[in-house]
Amino acid sequence: PTAIVTPENVTFSIPQSDGHSYPARWLQRHSPAELDASRTKAAVWAEEVREAARHAWNGYRSQAWGYDQVHPKRGTPNTWFNLGLSIVEGMDTLWLLGLRQEFSEAEQWVEEHLVFQEAKTKMDSFFEATIRLLGGLLGAHALTQRP
């Protein structure tokens, strides 16, 4: 395939025989075989990342479900806000990694247990509450379009 170069760095994808497309600018620098090998390697790495995330999620689930986090040294539940921080802030990552079962568990917990009136927050942690809780909920909503 011949690369297509257009003004202002606009490129088009060029279909390959296997049905995949690569941006024309990639094909200017790499052969389709190199790009295929890279795609295969990336798929292996992506699965390793999913497995690492699943391992961490399962550890949190078994050691501290509903608590804010697992204490890093003791492996015991740790409460800071009393709002299930790890559940809420992990939802977007679970979705992006395609871990739908784990996402559903988190979503169910949020629907049934997230009660802001029970929060144990202080003004010095307002920033943390905003980025971790509001950010987690907004990220999950933006990705899934679920209420």
# chains A, B, ... in the order shown; residues from 1 in each chain; ligands from 1

call {"tool": "residues_around", "arguments": {"residues": "A:Glu112", "least_positions_apart": "6", "cutoff": "12 Å", "atoms": "only C-alpha atoms", "output": "MDAnalysis selection string"}}
result
chainID A and resid 66 83:84 105:106

call {"tool": "write_last_selection", "arguments": {"atoms": "N, CA and C atoms", "output": "CSV table (one decimal), in the first residue's frame"}}
result
chain,number,residue,atom,x,y,z
A,66,GLY,N,-15.5,-2.1,50.3
A,66,GLY,CA,-16.4,-1.1,50.9
A,66,GLY,C,-15.6,-0.1,51.7
A,83,LEU,N,-16.1,6.2,52.2
A,83,LEU,CA,-16.9,6.3,51.0
A,83,LEU,C,-16.5,5.3,49.9
A,84,GLY,N,-15.7,4.3,50.3
A,84,GLY,CA,-15.3,3.3,49.3
A,84,GLY,C,-14.5,3.9,48.2
A,105,GLU,N,-19.8,-5.0,39.6
A,105,GLU,CA,-19.7,-5.1,41.1
A,105,GLU,C,-19.6,-3.7,41.7
A,106,ALA,N,-18.7,-2.9,41.1
A,106,ALA,CA,-18.5,-1.5,41.7
A,106,ALA,C,-19.7,-0.7,41.5

call {"tool": "select_by_dssp", "arguments": {"residues": "chain A", "states": "strand (DSSP E or B)", "output": "PyMOL selection string"}}
result
chain A and resi 5+11+13-15+21-23+69-70+77-78

call {"tool": "residues_around", "arguments": {"residues": "A:Gln63", "least_positions_apart": "4", "cutoff": "12 Å", "atoms": "only C-alpha atoms", "output": "list in words"}}
result
Ala56, Trp57, Asn58, Gly59, Tyr67, Asp68, Gln69, Val70, His71, Pro72, Arg74, Gly75, Thr76, Pro77, Asn78 and Ser86 of chain A

call {"tool": "write_last_selection", "arguments": {"atoms": "C-alpha atoms", "output": "PDB file, in the first residue's frame"}}
result
ATOM      1  CA  ALA A  56      -5.309  -5.780  42.434  1.00  0.00           C
ATOM      2  CA  TRP A  57      -9.100  -5.529  42.293  1.00  0.00           C
ATOM      3  CA  ASN A  58      -9.527  -9.052  43.671  1.00  0.00           C
ATOM      4  CA  GLY A  59      -7.094  -8.280  46.489  1.00  0.00           C
ATOM      5  CA  TYR A  67     -13.506   0.541  52.734  1.00  0.00           C
ATOM      6  CA  ASP A  68     -11.545   3.354  51.166  1.00  0.00           C
ATOM      7  CA  GLN A  69      -8.404   1.346  50.510  1.00  0.00           C
ATOM      8  CA  VAL A  70      -6.155  -1.506  51.548  1.00  0.00           C
ATOM      9  CA  HIS A  71      -3.354  -0.475  53.875  1.00  0.00           C
ATOM     10  CA  PRO A  72      -0.211  -0.985  51.774  1.00  0.00           C
ATOM     11  CA  ARG A  74      -0.633  -4.523  56.594  1.00  0.00           C
ATOM     12  CA  GLY A  75      -3.099  -5.509  53.851  1.00  0.00           C
ATOM     13  CA  THR A  76      -5.958  -4.508  56.109  1.00  0.00           C
ATOM     14  CA  PRO A  77      -8.917  -2.200  55.385  1.00  0.00           C
ATOM     15  CA  ASN A  78      -8.230   1.498  55.756  1.00  0.00           C
ATOM     16  CA  SER A  86     -11.028   2.482  45.725  1.00  0.00           C
TER      17      SER A  86
END

call {"tool": "closest_residue", "arguments": {"among": "A:Thr40, A:Leu133, A:His55, A:Gln145", "to": "A:Ile87", "atoms": "only C-alpha atoms"}}
result
A:Leu133

call {"tool": "atom_distance", "arguments": {"atom1": "atom CA of A:Trp109", "atom2": "atom CA of A:Arg54"}}
result
17.2 Å

call {"tool": "decode", "arguments": {"residues": "stretch 20-68 of chain A", "atoms": "N, CA and C atoms", "output": "CSV table (one decimal), in the first residue's frame"}}
result
chain,number,residue,atom,x,y,z
A,20,HIS,N,-7.4,-4.9,8.9
A,20,HIS,CA,-7.0,-3.8,9.8
A,20,HIS,C,-6.5,-2.6,8.9
A,21,SER,N,-6.6,-1.4,9.6
A,21,SER,CA,-6.2,-0.2,8.9
A,21,SER,C,-5.1,0.4,9.7
A,22,TYR,N,-4.1,1.0,9.1
A,22,TYR,CA,-3.1,1.8,9.8
A,22,TYR,C,-3.1,3.2,9.2
A,23,PRO,N,-2.9,4.2,10.1
A,23,PRO,CA,-2.7,5.6,9.6
A,23,PRO,C,-1.6,5.6,8.5
A,24,ALA,N,-1.8,6.4,7.5
A,24,ALA,CA,-0.9,6.5,6.4
A,24,ALA,C,0.5,7.0,6.9
A,25,ARG,N,0.5,7.9,7.9
A,25,ARG,CA,1.8,8.3,8.4
A,25,ARG,C,2.6,7.2,9.1
A,26,TRP,N,1.9,6.2,9.6
A,26,TRP,CA,2.6,5.1,10.2
A,26,TRP,C,3.3,4.3,9.1
A,27,LEU,N,2.6,4.1,8.0
A,27,LEU,CA,3.1,3.3,6.9
A,27,LEU,C,4.2,4.0,6.2
A,28,GLN,N,4.4,5.3,6.4
A,28,GLN,CA,5.6,6.0,5.8
A,28,GLN,C,6.8,5.5,6.5
A,29,ARG,N,6.7,5.1,7.8
A,29,ARG,CA,7.9,4.8,8.6
A,29,ARG,C,8.0,3.3,8.9
A,30,HIS,N,6.9,2.5,8.8
A,30,HIS,CA,7.0,1.1,9.2
A,30,HIS,C,6.3,0.3,8.1
A,31,SER,N,6.7,-0.9,8.0
A,31,SER,CA,6.0,-1.8,7.0
A,31,SER,C,4.8,-2.4,7.7
A,32,PRO,N,3.8,-2.9,6.9
A,32,PRO,CA,2.7,-3.5,7.5
A,32,PRO,C,3.0,-4.7,8.4
A,33,ALA,N,4.1,-5.4,8.1
A,33,ALA,CA,4.5,-6.6,8.9
A,33,ALA,C,5.0,-6.1,10.3
A,34,GLU,N,5.8,-5.0,10.3
A,34,GLU,CA,6.2,-4.4,11.6
A,34,GLU,C,5.0,-3.9,12.4
A,35,LEU,N,4.1,-3.3,11.8
A,35,LEU,CA,2.9,-2.8,12.5
A,35,LEU,C,2.0,-4.0,13.0
A,36,ASP,N,1.9,-5.1,12.2
A,36,ASP,CA,1.2,-6.2,12.7
A,36,ASP,C,1.9,-6.9,13.9
A,37,ALA,N,3.2,-6.9,13.9
A,37,ALA,CA,4.0,-7.5,15.0
A,37,ALA,C,3.8,-6.6,16.2
A,38,SER,N,3.8,-5.3,16.0
A,38,SER,CA,3.6,-4.4,17.1
A,38,SER,C,2.2,-4.5,17.7
A,39,ARG,N,1.2,-4.7,16.9
A,39,ARG,CA,-0.2,-4.9,17.3
A,39,ARG,C,-0.3,-6.2,18.1
A,40,THR,N,0.4,-7.2,17.7
A,40,THR,CA,0.4,-8.5,18.4
A,40,THR,C,1.0,-8.3,19.8
A,41,LYS,N,2.2,-7.7,19.8
A,41,LYS,CA,2.9,-7.4,21.1
A,41,LYS,C,2.0,-6.6,22.0
A,42,ALA,N,1.4,-5.6,21.5
A,42,ALA,CA,0.5,-4.7,22.3
A,42,ALA,C,-0.7,-5.4,22.9
A,43,ALA,N,-1.2,-6.4,22.1
A,43,ALA,CA,-2.3,-7.2,22.7
A,43,ALA,C,-1.9,-8.0,23.9
A,44,VAL,N,-0.7,-8.5,23.8
A,44,VAL,CA,-0.1,-9.3,24.9
A,44,VAL,C,0.1,-8.4,26.1
A,45,TRP,N,0.6,-7.2,25.9
A,45,TRP,CA,0.8,-6.3,27.0
A,45,TRP,C,-0.5,-5.8,27.6
A,46,ALA,N,-1.5,-5.6,26.8
A,46,ALA,CA,-2.8,-5.2,27.2
A,46,ALA,C,-3.4,-6.2,28.1
A,47,GLU,N,-3.3,-7.5,27.7
A,47,GLU,CA,-3.8,-8.6,28.6
A,47,GLU,C,-3.0,-8.7,29.9
A,48,GLU,N,-1.7,-8.4,29.9
A,48,GLU,CA,-1.0,-8.4,31.1
A,48,GLU,C,-1.4,-7.3,32.1
A,49,VAL,N,-1.7,-6.1,31.5
A,49,VAL,CA,-2.3,-5.0,32.3
A,49,VAL,C,-3.6,-5.4,32.9
A,50,ARG,N,-4.5,-6.0,32.1
A,50,ARG,CA,-5.8,-6.4,32.6
A,50,ARG,C,-5.7,-7.4,33.7
A,51,GLU,N,-4.8,-8.3,33.6
A,51,GLU,CA,-4.6,-9.3,34.6
A,51,GLU,C,-4.0,-8.7,35.9
A,52,ALA,N,-3.1,-7.7,35.8
A,52,ALA,CA,-2.6,-7.0,36.9
A,52,ALA,C,-3.7,-6.2,37.6
A,53,ALA,N,-4.5,-5.6,36.8
A,53,ALA,CA,-5.6,-4.8,37.4
A,53,ALA,C,-6.6,-5.8,38.1
A,54,ARG,N,-6.9,-6.9,37.5
A,54,ARG,CA,-7.9,-7.9,38.0
A,54,ARG,C,-7.3,-8.4,39.4
A,55,HIS,N,-6.0,-8.7,39.4
A,55,HIS,CA,-5.3,-9.1,40.6
A,55,HIS,C,-5.5,-8.1,41.7
A,56,ALA,N,-5.2,-6.8,41.4
A,56,ALA,CA,-5.3,-5.8,42.4
A,56,ALA,C,-6.8,-5.6,42.9
A,57,TRP,N,-7.7,-5.7,42.0
A,57,TRP,CA,-9.1,-5.5,42.3
A,57,TRP,C,-9.5,-6.7,43.2
A,58,ASN,N,-9.1,-7.9,42.9
A,58,ASN,CA,-9.5,-9.1,43.7
A,58,ASN,C,-8.9,-9.0,45.1
A,59,GLY,N,-7.7,-8.5,45.2
A,59,GLY,CA,-7.1,-8.3,46.5
A,59,GLY,C,-7.9,-7.3,47.3
A,60,TYR,N,-8.2,-6.2,46.7
A,60,TYR,CA,-9.0,-5.1,47.4
A,60,TYR,C,-10.4,-5.7,47.8
A,61,ARG,N,-11.0,-6.5,46.8
A,61,ARG,CA,-12.3,-7.1,47.1
A,61,ARG,C,-12.3,-8.0,48.3
A,62,SER,N,-11.2,-8.8,48.4
A,62,SER,CA,-11.2,-9.8,49.4
A,62,SER,C,-10.7,-9.2,50.8
A,63,GLN,N,-9.9,-8.1,50.7
A,63,GLN,CA,-9.3,-7.6,52.0
A,63,GLN,C,-10.1,-6.4,52.5
A,64,ALA,N,-10.7,-5.6,51.6
A,64,ALA,CA,-11.2,-4.3,52.1
A,64,ALA,C,-12.4,-3.8,51.4
A,65,TRP,N,-13.2,-4.7,50.9
A,65,TRP,CA,-14.4,-4.2,50.1
A,65,TRP,C,-15.3,-3.3,50.9
A,66,GLY,N,-15.5,-2.1,50.3
A,66,GLY,CA,-16.4,-1.1,50.9
A,66,GLY,C,-15.6,-0.1,51.7
A,67,TYR,N,-14.4,-0.4,52.0
A,67,TYR,CA,-13.5,0.5,52.7
A,67,TYR,C,-12.8,1.4,51.7
A,68,ASP,N,-12.2,2.5,52.1
A,68,ASP,CA,-11.5,3.4,51.2
A,68,ASP,C,-10.4,2.7,50.4
